[in-house]
>>> print(open('upload17.cif').read())   # mmCIF, C-alpha atoms
data_work
#
loop_
_atom_site.label_atom_id
_atom_site.label_comp_id
_atom_site.auth_asym_id
_atom_site.auth_seq_id
_atom_site.Cartn_x
_atom_site.Cartn_y
_atom_site.Cartn_z
CA MET A 1 -3.47 2.64 -20.18
CA LYS A 2 -1.23 2.00 -23.18
CA GLU A 3 -4.29 0.94 -25.18
CA THR A 4 -6.07 4.14 -24.19
CA ARG A 5 -3.22 6.26 -25.46
CA SER A 6 -2.93 4.30 -28.72
CA TYR A 7 -6.67 4.58 -29.27
CA MET A 8 -6.66 8.31 -28.77
CA ILE A 9 -3.76 8.83 -31.10
CA ASN A 10 -5.21 6.75 -33.95
CA ARG A 11 -8.90 7.65 -33.65
CA LYS A 12 -10.37 8.72 -36.98
CA GLY A 13 -6.90 9.20 -38.38
CA ARG A 14 -6.37 12.29 -36.28
CA THR A 15 -3.80 12.69 -33.62
CA HIS A 16 -5.05 13.29 -30.13
CA MET A 17 -2.26 13.55 -27.62
CA PRO A 18 -3.57 13.29 -24.08
CA ARG A 19 -1.29 15.11 -21.72
CA THR A 20 0.03 13.07 -18.83
CA VAL A 21 -0.78 14.57 -15.45
CA ASP A 22 0.21 13.62 -11.94
CA ARG A 23 -1.88 13.45 -8.81
CA ARG A 24 -1.43 17.08 -7.85
CA GLU A 25 -2.39 18.28 -11.29
CA VAL A 26 -5.46 16.07 -11.18
CA GLN A 27 -6.54 17.72 -7.94
CA ARG A 28 -5.91 21.17 -9.36
CA LEU A 29 -7.77 20.44 -12.60
CA VAL A 30 -10.74 18.93 -10.77
CA GLU A 31 -10.96 22.01 -8.56
CA GLN A 32 -11.17 24.00 -11.78
CA GLY A 33 -14.00 21.84 -13.07
CA ALA A 34 -12.35 18.98 -14.96
CA GLN A 35 -14.28 15.72 -15.43
CA LEU A 36 -12.83 12.44 -14.22
CA VAL A 37 -13.48 9.26 -16.20
CA GLU A 38 -12.55 5.78 -14.99
CA VAL A 39 -12.13 3.16 -17.71
CA LEU A 40 -11.79 0.08 -15.53
CA PRO A 41 -14.54 -2.60 -15.50
CA LEU A 42 -17.78 -1.42 -13.89
CA GLU A 43 -17.45 -3.71 -10.88
CA GLU A 44 -14.09 -2.17 -9.99
CA TYR A 45 -15.44 1.32 -10.51
CA GLU A 46 -18.33 0.61 -8.15
CA GLU A 47 -15.97 -0.71 -5.48
CA GLN A 48 -13.90 2.45 -5.37
CA HIS A 49 -13.29 5.40 -7.63
CA LEU A 50 -11.92 8.92 -7.42
CA PRO A 51 -14.48 11.38 -6.03
CA SER A 52 -16.92 12.59 -8.72
CA ALA A 53 -15.47 10.23 -11.36
CA VAL A 54 -17.86 8.76 -13.91
CA HIS A 55 -17.49 5.36 -15.48
CA THR A 56 -16.96 4.49 -19.13
CA PRO A 57 -15.51 1.20 -20.36
CA LEU A 58 -12.48 1.77 -22.50
CA ARG A 59 -14.18 0.40 -25.62
CA HIS A 60 -16.95 3.04 -25.26
CA ILE A 61 -14.77 6.02 -24.61
CA GLU A 62 -15.47 7.54 -28.01
CA GLU A 63 -19.24 7.54 -27.42
CA ALA A 64 -18.69 8.83 -23.88
CA GLU A 65 -16.97 11.91 -25.23
CA THR A 66 -20.27 13.02 -26.73
CA SER A 67 -22.03 12.80 -23.37
CA LEU A 68 -19.35 14.66 -21.44
CA ASP A 69 -19.30 18.42 -21.12
CA ARG A 70 -17.04 19.51 -23.96
CA THR A 71 -16.37 22.84 -22.31
CA ARG A 72 -14.56 21.16 -19.44
CA PRO A 73 -11.29 19.21 -19.52
CA VAL A 74 -11.52 15.42 -19.26
CA ILE A 75 -9.10 13.30 -17.23
CA VAL A 76 -9.09 9.54 -17.87
CA TYR A 77 -7.49 7.04 -15.55
CA CYS A 78 -6.98 3.35 -15.05
CA TRP A 79 -5.53 1.25 -12.20
CA ASP A 80 -1.89 2.11 -12.84
CA SER A 81 0.56 2.68 -15.64
CA ALA A 82 1.14 -1.00 -16.45
CA MET B 1 53.35 -35.59 2.53
CA SER B 2 49.91 -34.14 1.88
CA GLU B 3 48.98 -30.62 2.94
CA PRO B 4 46.68 -30.49 5.96
CA GLU B 5 43.14 -29.53 4.99
CA GLU B 6 42.10 -26.01 5.92
CA PRO B 7 39.32 -26.02 8.50
CA ARG B 8 36.03 -25.26 6.78
CA GLU B 9 33.79 -22.61 8.26
CA PRO B 10 30.38 -24.01 9.11
CA ARG B 11 27.89 -22.91 6.45
CA GLU B 12 24.98 -20.81 7.61
CA PRO B 13 21.63 -22.47 7.06
CA ARG B 14 20.01 -21.24 3.85
CA HIS B 15 17.36 -18.60 4.46
CA ALA B 16 14.55 -18.76 1.89
CA CYS B 17 11.15 -17.30 1.08
CA ALA B 18 8.35 -19.54 2.35
CA GLY B 19 6.40 -18.95 -0.85
CA CYS B 20 8.88 -19.32 -3.70
CA ASP B 21 12.05 -20.62 -2.00
CA ARG B 22 14.10 -17.66 -3.27
CA GLU B 23 17.10 -17.02 -1.04
CA ILE B 24 16.60 -13.93 1.11
CA GLU B 25 18.43 -12.02 3.84
CA ASP B 26 15.35 -11.40 5.95
CA CYS B 27 11.59 -11.18 5.64
CA SER B 28 10.40 -8.27 3.52
CA PHE B 29 7.23 -7.90 5.55
CA CYS B 30 8.66 -7.67 9.07
CA GLY B 31 12.41 -7.35 8.48
CA GLU B 32 13.18 -10.24 10.82
CA ARG B 33 15.52 -13.04 9.93
CA ASP B 34 13.72 -15.49 12.21
CA CYS B 35 10.23 -14.72 10.91
CA PRO B 36 7.90 -17.74 11.03
CA ALA B 37 6.77 -17.06 7.44
CA PRO B 38 9.65 -15.29 5.67
CA THR B 39 8.59 -13.54 2.47
CA CYS B 40 10.65 -12.16 -0.40
CA TYR B 41 9.92 -8.66 -1.66
CA PRO B 42 8.19 -9.64 -4.94
CA ASP B 43 5.92 -12.11 -3.15
CA MET B 44 5.06 -9.51 -0.55
CA LEU B 45 4.07 -6.98 -3.23
CA ILE B 46 1.84 -9.52 -4.93
CA ALA B 47 0.27 -10.75 -1.69
CA LEU B 48 -0.64 -7.20 -0.69
CA GLY B 49 -1.96 -6.33 -4.13
CA LEU B 50 0.79 -3.81 -4.83
CA GLN B 51 1.93 -5.58 -7.97
CA VAL B 52 0.34 -7.99 -10.41
CA LEU B 53 1.77 -11.36 -11.31
CA HIS B 54 0.54 -11.19 -14.89
CA PRO B 55 -0.31 -7.61 -16.02
CA HIS B 56 -3.70 -7.42 -17.68
CA ALA B 57 -3.55 -6.97 -21.46
CA HIS B 58 -5.77 -3.91 -21.11
CA GLY B 59 -3.08 -2.51 -18.87
CA GLY B 60 -5.17 -1.45 -15.98
CA SER B 61 -7.40 -3.90 -14.16
CA SER B 62 -6.73 -3.94 -10.45
CA PRO B 63 -4.64 -6.81 -9.10
CA SER B 64 -7.38 -7.85 -6.67
CA ARG B 65 -8.98 -9.59 -9.63
CA ARG B 66 -5.94 -11.76 -10.20
CA LEU B 67 -4.28 -12.30 -6.80
CA PRO B 68 -2.82 -15.73 -6.18
CA ALA B 69 -3.86 -17.60 -3.03
CA PRO B 70 -2.61 -15.91 0.16
CA LEU B 71 0.79 -17.07 1.38
CA SER B 72 0.49 -19.69 4.04
CA GLY B 73 2.16 -19.15 7.40
CA MET C 1 -7.96 15.26 -22.70
CA TYR C 2 -5.63 14.35 -19.86
CA ASP C 3 -4.23 10.99 -18.85
CA TYR C 4 -3.64 10.33 -15.16
CA THR C 5 -1.18 7.57 -15.96
CA ALA C 6 -0.28 6.71 -12.36
CA GLY C 7 -3.96 5.88 -11.90
CA LYS C 8 -6.19 4.81 -9.05
CA LEU C 9 -3.39 2.93 -7.29
CA ASP C 10 -1.38 6.13 -7.02
CA TRP C 11 -4.43 7.98 -5.64
CA LEU C 12 -5.11 5.26 -3.06
CA ALA C 13 -1.47 4.98 -2.05
CA ALA C 14 -1.48 8.70 -1.29
CA GLY C 15 -4.29 8.15 1.20
CA LEU C 16 -6.70 10.38 -0.70
CA PRO C 17 -10.48 9.97 -0.29
CA ILE C 18 -12.50 7.69 -2.55
CA GLU C 19 -16.14 7.04 -3.35
CA GLY C 20 -17.87 3.69 -3.82
CA GLU C 21 -18.66 0.54 -1.86
CA PHE C 22 -15.22 0.41 -0.26
CA ALA C 23 -15.35 4.03 0.87
CA GLY C 24 -16.29 3.25 4.46
CA ARG C 25 -14.31 0.05 4.89
CA PRO C 26 -11.43 -0.06 7.34
CA THR C 27 -7.98 0.06 5.81
CA ALA C 28 -4.43 0.21 7.10
CA GLY C 29 -4.64 3.99 6.94
CA SER C 30 -7.98 4.37 8.73
CA VAL C 31 -6.99 2.01 11.58
CA ALA C 32 -3.39 3.20 12.03
CA ARG C 33 -2.76 5.25 15.15
CA ARG C 34 -1.89 8.82 14.25
CA ASP C 35 -0.88 9.70 17.80
CA VAL C 36 2.22 7.49 17.63
CA PRO C 37 5.25 9.34 19.05
CA THR C 38 7.88 10.45 16.56
CA CYS C 39 11.48 11.49 16.99
CA ARG C 40 14.55 12.63 15.01
CA LEU C 41 17.80 10.86 14.23
CA ASP C 42 20.00 12.96 16.47
CA GLU C 43 17.96 12.71 19.65
CA PRO C 44 19.47 10.80 22.60
CA ILE C 45 17.74 7.45 23.00
CA ASP C 46 17.24 7.79 26.76
CA ALA C 47 15.31 11.04 26.35
CA VAL C 48 13.14 9.49 23.65
CA ARG C 49 12.56 6.40 25.78
CA GLU C 50 11.36 8.48 28.69
CA ARG C 51 9.10 10.58 26.49
CA VAL C 52 7.59 7.58 24.66
CA ARG C 53 6.90 5.52 27.75
CA GLY C 54 5.65 8.58 29.57
CA VAL C 55 2.73 8.76 27.13
CA GLY C 56 2.03 5.05 27.39
CA TRP C 57 3.56 3.91 24.11
CA ASP C 58 6.06 1.14 23.45
CA ALA C 59 7.12 2.28 19.98
CA CYS C 60 8.29 5.40 18.22
CA VAL C 61 8.67 6.25 14.54
CA VAL C 62 11.81 8.07 13.40
CA THR C 63 11.04 10.77 10.83
CA ASN C 64 12.73 13.75 9.23
CA GLN C 65 11.36 17.28 9.18
CA GLU C 66 9.10 16.47 6.25
CA GLY C 67 7.55 13.53 8.08
CA VAL C 68 9.28 10.92 5.94
CA VAL C 69 9.85 7.68 7.84
CA LEU C 70 13.53 6.84 8.37
CA GLY C 71 13.37 4.17 11.04
CA LEU C 72 11.47 2.48 13.82
CA LEU C 73 12.05 2.07 17.54
CA ARG C 74 10.26 -0.90 19.08
CA GLU C 75 10.71 -2.16 22.64
CA GLN C 76 14.12 -3.67 22.02
CA GLN C 77 15.49 -0.54 20.35
CA LEU C 78 14.05 1.75 23.05
CA ASP C 79 16.07 -0.24 25.60
CA ALA C 80 19.36 0.65 23.86
CA PRO C 81 22.18 2.03 26.04
CA ALA C 82 21.62 5.63 27.09
CA ARG C 83 24.76 6.90 25.34
CA GLU C 84 23.34 6.00 21.90
CA THR C 85 21.41 8.29 19.60
CA VAL C 86 18.18 7.36 17.88
CA GLU C 87 20.09 6.80 14.64
CA GLN C 88 22.36 4.27 16.32
CA ALA C 89 19.56 2.43 18.09
CA MET C 90 16.80 2.36 15.50
CA ARG C 91 15.81 -0.24 12.92
CA PRO C 92 16.59 1.66 9.71
CA GLY C 93 14.38 1.50 6.63
CA PRO C 94 11.49 -0.54 8.03
CA SER C 95 8.93 -2.08 5.68
CA THR C 96 6.10 0.39 5.32
CA PHE C 97 2.58 -0.12 4.06
CA ARG C 98 0.16 2.01 2.07
CA PRO C 99 -3.02 3.46 3.59
CA HIS C 100 -5.42 1.75 1.20
CA LEU C 101 -4.48 -1.84 2.07
CA PRO C 102 -7.49 -3.79 3.36
CA ILE C 103 -7.39 -4.28 7.10
CA ALA C 104 -8.25 -7.99 6.93
CA GLU C 105 -5.24 -8.60 4.70
CA MET C 106 -2.96 -6.63 7.01
CA ALA C 107 -4.24 -8.39 10.12
CA GLN C 108 -3.63 -11.77 8.51
CA ARG C 109 -0.08 -10.88 7.44
CA MET C 110 0.80 -9.41 10.81
CA ARG C 111 -0.43 -12.58 12.48
CA GLU C 112 1.51 -14.83 10.09
CA HIS C 113 4.69 -12.82 10.58
CA ASP C 114 4.14 -12.27 14.30
CA THR C 115 4.55 -8.51 13.81
CA VAL C 116 3.61 -6.16 16.63
CA ASN C 117 3.24 -2.99 14.61
CA VAL C 118 4.06 -1.54 11.18
CA PRO C 119 4.33 2.04 9.93
CA VAL C 120 1.74 3.16 7.39
CA THR C 121 2.99 5.76 4.93
CA THR C 122 1.88 7.52 1.79
CA SER C 123 3.56 6.67 -1.51
CA ASP C 124 6.12 9.42 -0.90
CA GLY C 125 7.10 7.95 2.44
CA ARG C 126 5.30 10.35 4.79
CA LEU C 127 4.00 8.86 8.00
CA VAL C 128 0.25 8.32 8.23
CA GLY C 129 0.37 6.39 11.51
CA LEU C 130 1.44 3.18 13.21
CA LEU C 131 -0.76 0.14 12.65
CA ARG C 132 -0.83 -2.04 15.72
CA ARG C 133 -1.63 -5.69 15.33
CA GLU C 134 -4.27 -5.68 18.06
CA ASP C 135 -6.08 -2.80 16.33
CA ALA C 136 -5.82 -4.51 12.94
CA GLU C 137 -7.19 -7.78 14.29
CA ARG C 138 -10.03 -6.06 16.12
CA ALA C 139 -11.05 -4.09 13.02
CA ALA C 140 -10.83 -7.19 10.84
CA GLU C 141 -12.98 -9.11 13.27
CA GLU C 142 -15.60 -6.35 13.34
CA LEU C 143 -15.63 -6.24 9.56
CA HIS C 144 -16.03 -9.99 9.37
CA ARG C 145 -18.89 -9.91 11.89
CA ALA C 146 -20.66 -7.09 10.02
CA HIS C 147 -20.25 -8.93 6.71
CA HIS C 148 -21.60 -12.12 8.27
CA GLU C 149 -24.65 -10.34 9.68
CA HIS C 150 -25.29 -8.74 6.30
CA GLU C 151 -25.18 -12.14 4.62
CA GLU C 152 -27.58 -13.60 7.20
CA ASP C 153 -30.00 -10.72 6.63
CA ASP C 154 -29.89 -11.40 2.90
CA HIS C 155 -30.51 -15.10 3.50
CA VAL C 156 -33.49 -14.41 5.79
CA GLY C 157 -34.98 -11.98 3.32
CA ALA C 158 -34.63 -14.40 0.40
#
>>> encode(input="upload17.cif", output="C-alpha cells")
Amino acid sequence: MKETRSYMINRKGRTHMPRTVDRREVQRLVEQGAQLVEVLPLEEYEEQHLPSAVHTPLRHIEEAETSLDRTRPVIVYCWDSA
Amino acid sequence: MSEPEEPREPREPRHACAGCDREIEDCSFCGERDCPAPTCYPDMLIALGLQVLHPHAHGGSSPSRRLPAPLSG
Amino acid sequence: MYDYTAGKLDWLAAGLPIEGEFAGRPTAGSVARRDVPTCRLDEPIDAVRERVRGVGWDACVVTNQEGVVLGLLREQQLDAPARETVEQAMRPGPSTFRPHLPIAEMAQRMREHDTVNVPVTTSDGRLVGLLRREDAERAAEELHRAHHEHEEDDHVGA
C-alpha cells in the first residue's frame, strides 16, 4: 500500500493524508456507513474480499472517488502492509 | 612426552530444514526434532502463504499468486 | 479517506467473515474442533487427564483467561506423572495456524509432518479450535471430490 499512500499525497499537488486504521476501527467505521474499497487485482477481489467491499484497481482509484458516495468515509485496503 | 589428547565428545548429527538446508533445532510446523520433513520458520511461512518470497512492487498482491512449489516430504 | 494498512491478511487471520468465491470453502478455522477441552497452567495433570479422557478426547489446549494459547497436551503429555502441573507437563508455545489457511494445504502439511493435531488461533493468539488431521484430510478429500465433479460437469456441458 506504499504506492497508494504516495499517490494520495501527491495527487493534483494537494496533500491527502489517509488515516491509518486498524481492524477494530474498520468494523466500527463500516457500522457507521463507511465504504470499503479493495485495490488488489480483480481476480483476487473475486476470490475473497471484506464484506460489502467494492473493487477498484489502484490505478483507477482517482476515477473511483467520483463514483463513491462522498458523504461517507472511504476505507481502502490491500493484502497487507508490505 | 606429548600430552594425551582430550577425548572428543561425539558431535550430534546436523539437523537441517528439508527445503533450504538451514540448520534448525526442530521443525517449525510440528515442533518435533524427528519430523520426517523438518521445516524452518521462514519456509513454513512461505509454504502456508503467510509471507511472500519476493514482495510485489505494488505492495499488496496476495502471496498465493507467487508461492513456490510446495515443500516435498 | 482511511487506509487499512494491515489489509485483507489481517482480516482473514482474525477469522472474520469474507465474501466471494472462497467464502464457503473449508479452511483451518471452519474445520477445527471448537469443543476441544482447555485447561490452565496451574491445574494438576491427573485431574486434567481424567476430565479430557472422560469426554472422549486425547488432547487438551492450555490457555489463559483471555483464551490465548500457551501450550498443548497431547497423549504423551497427558500421561505425565500425577504430581506434575499442566505447566510442567505441557508442550509450551506450540506452532499455531491461522483460521483462513486452506484446508487442502493444512491436510497436506499435517500428512508430511505426521502431525496428529494443531491449534488454530486468531492473529492475537486466541484459540479458535483444534484441527485434527483426520478432519483436515476428510474435508480436503470432499473438496477435491466436489471440485472434480464440477470440472466434469463443465466438460460434459462444453
>>> residues_around(input="upload17.cif", residues="C:Arg40", least_positions_apart="4", cutoff="10 Å", atoms="all atoms listed in the file", output="MDAnalysis selection string")
chainID C and resid 44 48 61:65 67 69:71 85:87
>>> closest_atom_pairs(input="upload17.cif", of="chain C", to="chain A", cutoff="7 Å", atoms="all atoms listed in the file", output="JSON lines")
{"residue": "C:Met1", "atom": "CA", "partner": "A:Val74", "partner_atom": "CA", "distance": 5.0}
{"residue": "C:Tyr2", "atom": "CA", "partner": "A:Ile75", "partner_atom": "CA", "distance": 4.5}
{"residue": "C:Asp3", "atom": "CA", "partner": "A:Thr20", "partner_atom": "CA", "distance": 4.7}
{"residue": "C:Tyr4", "atom": "CA", "partner": "A:Tyr77", "partner_atom": "CA", "distance": 5.1}
{"residue": "C:Thr5", "atom": "CA", "partner": "A:Ser81", "partner_atom": "CA", "distance": 5.2}
{"residue": "C:Ala6", "atom": "CA", "partner": "A:Asp80", "partner_atom": "CA", "distance": 4.9}
{"residue": "C:Gly7", "atom": "CA", "partner": "A:Asp80", "partner_atom": "CA", "distance": 4.4}
{"residue": "C:Lys8", "atom": "CA", "partner": "A:Trp79", "partner_atom": "CA", "distance": 4.8}
{"residue": "C:Leu9", "atom": "CA", "partner": "A:Trp79", "partner_atom": "CA", "distance": 5.6}
{"residue": "C:Trp11", "atom": "CA", "partner": "A:Arg23", "partner_atom": "CA", "distance": 6.8}
{"residue": "C:Ile18", "atom": "CA", "partner": "A:Leu50", "partner_atom": "CA", "distance": 5.1}
{"residue": "C:Glu19", "atom": "CA", "partner": "A:Pro51", "partner_atom": "CA", "distance": 5.4}
{"residue": "C:Gly20", "atom": "CA", "partner": "A:Gln48", "partner_atom": "CA", "distance": 4.4}
{"residue": "C:Glu21", "atom": "CA", "partner": "A:Glu47", "partner_atom": "CA", "distance": 4.7}
{"residue": "C:Phe22", "atom": "CA", "partner": "A:Glu47", "partner_atom": "CA", "distance": 5.4}
{"residue": "C:Ala23", "atom": "CA", "partner": "A:Gln48", "partner_atom": "CA", "distance": 6.6}
>>> atom_distance(input="upload17.cif", atom1="atom CA of B:Met44", atom2="atom CA of B:Gly19")
9.5 Å
>>> interface_residues(input="upload17.cif", of="chain B", to="chain C", cutoff="7 Å", atoms="all atoms listed in the file", output="list in words")
Ser28, Phe29, Cys30, Gly31, Cys35, Pro36, Ala37 and Gly73 of chain B
>>> atom_distance(input="upload17.cif", atom1="atom CA of A:Glu62", atom2="atom CA of A:Pro41")
16.1 Å
>>> atom_distance(input="upload17.cif", atom1="atom CA of C:Ala28", atom2="atom CA of C:Leu12")
11.4 Å
>>> closest_residue(input="upload17.cif", among="A:Gln27, A:Glu43, A:Gln32, A:Ser67", to="chain B", atoms="all atoms listed in the file")
A:Glu43
>>> closest_residue(input="upload17.cif", among="A:Glu31, A:Thr71, A:Val39, A:His55", to="chain B", atoms="all atoms listed in the file")
A:Val39
>>> residues_around(input="upload17.cif", residues="B:Asp21", least_positions_apart="6", cutoff="10 Å", atoms="only C-alpha atoms", output="ChimeraX atom specification")
/B:14-15,38-40
>>> decode(input="upload17.cif", residues="stretch 7-71 of chain A", atoms="C-alpha atoms", output="mmCIF file, in the first residue's frame")
data_model
loop_
_atom_site.group_PDB
_atom_site.id
_atom_site.type_symbol
_atom_site.label_atom_id
_atom_site.label_comp_id
_atom_site.auth_asym_id
_atom_site.auth_seq_id
_atom_site.Cartn_x
_atom_site.Cartn_y
_atom_site.Cartn_z
ATOM 1 C CA TYR A 7 -0.425 8.579 -4.800
ATOM 2 C CA MET A 8 -2.859 10.117 -2.379
ATOM 3 C CA ILE A 9 -0.303 12.517 -1.013
ATOM 4 C CA ASN A 10 0.878 13.757 -4.417
ATOM 5 C CA ARG A 11 -2.418 13.794 -6.327
ATOM 6 C CA LYS A 12 -3.006 17.107 -8.070
ATOM 7 C CA GLY A 13 -0.330 18.726 -5.953
ATOM 8 C CA ARG A 14 -2.542 18.600 -2.897
ATOM 9 C CA THR A 15 -1.831 16.685 0.217
ATOM 10 C CA HIS A 16 -4.270 13.983 1.137
ATOM 11 C CA MET A 17 -3.267 12.134 4.253
ATOM 12 C CA PRO A 18 -5.244 8.923 4.640
ATOM 13 C CA ARG A 19 -5.504 7.999 8.265
ATOM 14 C CA THR A 20 -4.288 4.538 9.159
ATOM 15 C CA VAL A 21 -6.925 2.424 10.868
ATOM 16 C CA ASP A 22 -6.812 -1.000 12.431
ATOM 17 C CA ARG A 23 -9.265 -3.848 12.162
ATOM 18 C CA ARG A 24 -11.481 -2.724 15.015
ATOM 19 C CA GLU A 25 -11.738 0.779 13.656
ATOM 20 C CA VAL A 26 -12.635 -0.639 10.257
ATOM 21 C CA GLN A 27 -15.513 -2.566 11.814
ATOM 22 C CA ARG A 28 -16.675 0.494 13.710
ATOM 23 C CA LEU A 29 -16.483 2.757 10.663
ATOM 24 C CA VAL A 30 -18.311 0.261 8.453
ATOM 25 C CA GLU A 31 -21.083 0.005 11.031
ATOM 26 C CA GLN A 32 -21.364 3.770 10.752
ATOM 27 C CA GLY A 33 -21.654 3.584 6.977
ATOM 28 C CA ALA A 34 -18.082 3.756 5.654
ATOM 29 C CA GLN A 35 -17.336 2.340 2.191
ATOM 30 C CA LEU A 36 -14.701 -0.350 1.746
ATOM 31 C CA VAL A 37 -12.560 -0.375 -1.394
ATOM 32 C CA GLU A 38 -10.182 -3.195 -2.320
ATOM 33 C CA VAL A 39 -7.377 -2.251 -4.692
ATOM 34 C CA LEU A 40 -5.986 -5.706 -5.390
ATOM 35 C CA PRO A 41 -6.342 -7.281 -8.870
ATOM 36 C CA LEU A 42 -9.926 -8.188 -9.759
ATOM 37 C CA GLU A 43 -9.311 -11.931 -9.652
ATOM 38 C CA GLU A 44 -8.135 -11.708 -6.044
ATOM 39 C CA TYR A 45 -11.054 -9.488 -5.123
ATOM 40 C CA GLU A 46 -13.496 -12.007 -6.588
ATOM 41 C CA GLU A 47 -11.893 -14.854 -4.635
ATOM 42 C CA GLN A 48 -12.366 -13.178 -1.282
ATOM 43 C CA HIS A 49 -12.964 -9.673 -0.033
ATOM 44 C CA LEU A 50 -14.190 -7.921 3.078
ATOM 45 C CA PRO A 51 -17.996 -7.928 3.331
ATOM 46 C CA SER A 52 -19.578 -5.129 1.255
ATOM 47 C CA ALA A 53 -16.212 -4.063 -0.213
ATOM 48 C CA VAL A 54 -16.177 -2.808 -3.795
ATOM 49 C CA HIS A 55 -13.315 -3.251 -6.193
ATOM 50 C CA THR A 56 -11.175 -0.582 -7.840
ATOM 51 C CA PRO A 57 -7.718 -1.210 -9.282
ATOM 52 C CA LEU A 58 -5.162 1.061 -7.719
ATOM 53 C CA ARG A 59 -4.504 2.897 -10.990
ATOM 54 C CA HIS A 60 -8.218 3.841 -11.200
ATOM 55 C CA ILE A 61 -8.688 4.982 -7.654
ATOM 56 C CA GLU A 62 -8.970 8.629 -8.639
ATOM 57 C CA GLU A 63 -11.880 7.939 -11.003
ATOM 58 C CA ALA A 64 -13.461 5.648 -8.408
ATOM 59 C CA GLU A 65 -13.646 8.503 -5.946
ATOM 60 C CA THR A 66 -16.186 10.198 -8.200
ATOM 61 C CA SER A 67 -18.446 7.139 -8.171
ATOM 62 C CA LEU A 68 -18.304 6.626 -4.417
ATOM 63 C CA ASP A 69 -20.666 8.337 -2.029
ATOM 64 C CA ARG A 70 -18.749 11.437 -0.979
ATOM 65 C CA THR A 71 -20.847 11.834 2.141
#
